[in-house]
Amino acid sequence: MILYPAIDLKDGHCVRLLRGDMDKATVFGENPAAQARAFQDAGCNWLHLVDLNGAFAGTPVNAAAVEAILAETDIPAQLGGGIRDMATIETWIEKGIARVILGTVAVENPDLVREAATAFPGRIAVGLDARNGKVATRGWAEETELLVTELAQSFEDAGIAAIIYTDIDRDGAMGGPNIAATAALARAVKVPVIASGGVASLDDLVALRDTGVVAGAISGRALYDGALDLKVALDALSGA
């Protein structure tokens, strides 16, 4: 199972939100590129980047910070937030993003997901963010009646690389991930599922790993707070 350290970008800074609330942001760093390099130097194989402003604006806002991260590192990075048209997808892939995450458009324009997955095989992921099993969009500000599992299954034949599942009520709350819901989703689809939201300890990572079906886990606040030791976590997940 792959550990994806999260760098959430708001106004050019590394932050973490509490349950997706932009008014409840804790700044953890003024230099996202330096943080990304630190994660790489610690042995991480991937980075998870989110343009939080972009998720609300519907267009990239923290592009400069993302580009600085790409210039500073050479491990693959996946990026979500405000990516809602083919031109933006193409731009980020050309700039070096390894995997583009499509969230809101997966609900509002599923044909774009299919078009992008065909144009860029292995480079498109779908981000499914949910409260009580129902998908939320536009930076988690709008809730839908769509069930996560049903939406995930609708993209199984699209050729997407992964599904990133976030339980909004767990995100940034340090209360542990929704392991049961994440594992249930992973068993319901053939696409690799990456868990996001609430990973607060080594025990959480081990529990996700031990489901045998979760492909990866994203962690942010726990790494910044020191609740999760990155080297210990990487060693545990690699079997060291």
# chains A, B, ... in the order shown; residues from 1 in each chain; ligands from 1
call {"tool": "residues_around", "arguments": {"residues": "Ala65 in chain A", "least_positions_apart": "6", "cutoff": "8 Å", "atoms": "only C-alpha atoms", "output": "list in words"}}
result
Leu9, Gly12, Pro32 and Ala33 of chain A
call {"tool": "closest_atom_pairs", "arguments": {"of": "range 172-227 of chain A", "to": "range 47-63 of chain A", "cutoff": "12 Å", "atoms": "only C-alpha atoms", "output": "tab-separated table"}}
result
residue	atom	partner	partner_atom	distance
A:Ile194	CA	A:His48	CA	10.9
A:Ala195	CA	A:His48	CA	11.7
A:Ser196	CA	A:His48	CA	10.2
A:Gly216	CA	A:His48	CA	11.1
A:Ala217	CA	A:His48	CA	10.0
A:Ile218	CA	A:His48	CA	7.2
A:Ser219	CA	A:His48	CA	8.9
A:Gly220	CA	A:His48	CA	9.2
call {"tool": "residues_around", "arguments": {"residues": "Ile89 in chain A", "least_positions_apart": "5", "cutoff": "12 Å", "atoms": "only C-alpha atoms", "output": "PyMOL selection string"}}
result
chain A and resi 59-60+78-84+94-102+105+112-113+115-117+119-120+123-125
call {"tool": "atom_distance", "arguments": {"atom1": "CA of Pro121 in chain A", "atom2": "CA of Ile160 in chain A"}}
result
7.4 Å
call {"tool": "atom_distance", "arguments": {"atom1": "CA of Asp229 in chain A", "atom2": "CA of Asp8 in chain A"}}
result
18.9 Å
call {"tool": "select_by_dssp", "arguments": {"residues": "range 2-217 of chain A", "states": "helix (DSSP H, G or I)", "output": "ChimeraX atom specification"}}
result
/A:32-41,52-57,63-72,86-95,104-108,110-119,148-154,168-170,179-188,202-210
call {"tool": "residues_around", "arguments": {"residues": "Asp203 in chain A", "least_positions_apart": "5", "cutoff": "10 Å", "atoms": "only C-alpha atoms", "output": "short mmCIF file (atom, residue, chain, number, x, y, z; two decimals) with C-alpha atoms, in the first residue's frame"}}
result
data_model
loop_
_atom_site.label_atom_id
_atom_site.label_comp_id
_atom_site.auth_asym_id
_atom_site.auth_seq_id
_atom_site.Cartn_x
_atom_site.Cartn_y
_atom_site.Cartn_z
CA GLY A 176 -9.24 7.81 12.14
CA LEU A 208 -6.12 0.07 5.94
CA ARG A 209 -3.25 -2.09 4.71
CA LEU A 228 2.51 9.85 12.45
CA ALA A 233 5.06 4.52 8.43
#
call {"tool": "select_by_dssp", "arguments": {"residues": "range 141-205 of chain A", "states": "strand (DSSP E)", "output": "compact mmCIF listing (two decimals) with C-alpha atoms, in the first residue's frame"}}
result
# COMPACT_ATOMS: atom_id res chain seq x y z
CA GLU A 142 -22.46 21.23 -2.41
CA GLU A 143 -23.97 17.86 -1.55
CA THR A 144 -25.66 15.56 -4.04
CA GLU A 145 -27.92 12.54 -3.79
CA LEU A 146 -25.41 10.36 -5.64
CA LEU A 147 -24.11 7.33 -3.79
CA ALA A 162 -7.53 5.24 -9.35
CA ILE A 163 -10.38 6.40 -7.16
CA ILE A 164 -9.53 8.67 -4.24
CA TYR A 165 -12.20 8.32 -1.59
CA THR A 166 -12.50 10.98 1.08
CA ASP A 167 -14.84 10.80 4.03
CA VAL A 193 -9.00 2.82 -4.25
CA ILE A 194 -6.92 5.31 -2.25
CA ALA A 195 -8.15 6.26 1.22
CA SER A 196 -8.22 9.90 2.29
call {"tool": "residues_around", "arguments": {"residues": "Val191 in chain A", "least_positions_apart": "4", "cutoff": "9 Å", "atoms": "only C-alpha atoms", "output": "list in words"}}
result
Ala152, Gln153, Phe155, Glu156, Gly159, Ile160, Ala161, Ala162, Ile163 and Ala186 of chain A
call {"tool": "write_last_selection", "arguments": {"atoms": "C-alpha atoms", "output": "mmCIF file, in the first residue's frame"}}
result
data_model
loop_
_atom_site.group_PDB
_atom_site.id
_atom_site.type_symbol
_atom_site.label_atom_id
_atom_site.label_comp_id
_atom_site.auth_asym_id
_atom_site.auth_seq_id
_atom_site.Cartn_x
_atom_site.Cartn_y
_atom_site.Cartn_z
ATOM 1 C CA ALA A 152 -17.492 4.761 -8.716
ATOM 2 C CA GLN A 153 -18.934 1.780 -10.546
ATOM 3 C CA PHE A 155 -16.419 4.775 -14.198
ATOM 4 C CA GLU A 156 -15.104 1.217 -14.036
ATOM 5 C CA GLY A 159 -9.917 3.433 -17.899
ATOM 6 C CA ILE A 160 -9.249 5.624 -14.871
ATOM 7 C CA ALA A 161 -6.098 4.930 -12.856
ATOM 8 C CA ALA A 162 -7.532 5.239 -9.354
ATOM 9 C CA ILE A 163 -10.375 6.405 -7.159
ATOM 10 C CA ALA A 186 -12.595 -1.046 -2.810
#
call {"tool": "residues_around", "arguments": {"residues": "Val199 in chain A", "least_positions_apart": "2", "cutoff": "7 Å", "atoms": "only C-alpha atoms", "output": "count of residues only"}}
result
9
call {"tool": "residues_around", "arguments": {"residues": "Trp46 in chain A", "least_positions_apart": "5", "cutoff": "9 Å", "atoms": "only C-alpha atoms", "output": "list in words"}}
result
Ile2, Leu3, Tyr4, Pro5, Phe39, Gln40, Ile75, Pro76, Ala77 and Gln78 of chain A
call {"tool": "closest_residue", "arguments": {"among": "A:Leu151, A:Asn132, A:Arg37, A:Ala158", "to": "Asp111 in chain A", "atoms": "only C-alpha atoms"}}
result
A:Ala158
call {"tool": "closest_residue", "arguments": {"among": "A:Ala36, A:Pro192, A:Asp157, A:Ala180", "to": "Leu70 in chain A", "atoms": "only C-alpha atoms"}}
result
A:Ala36
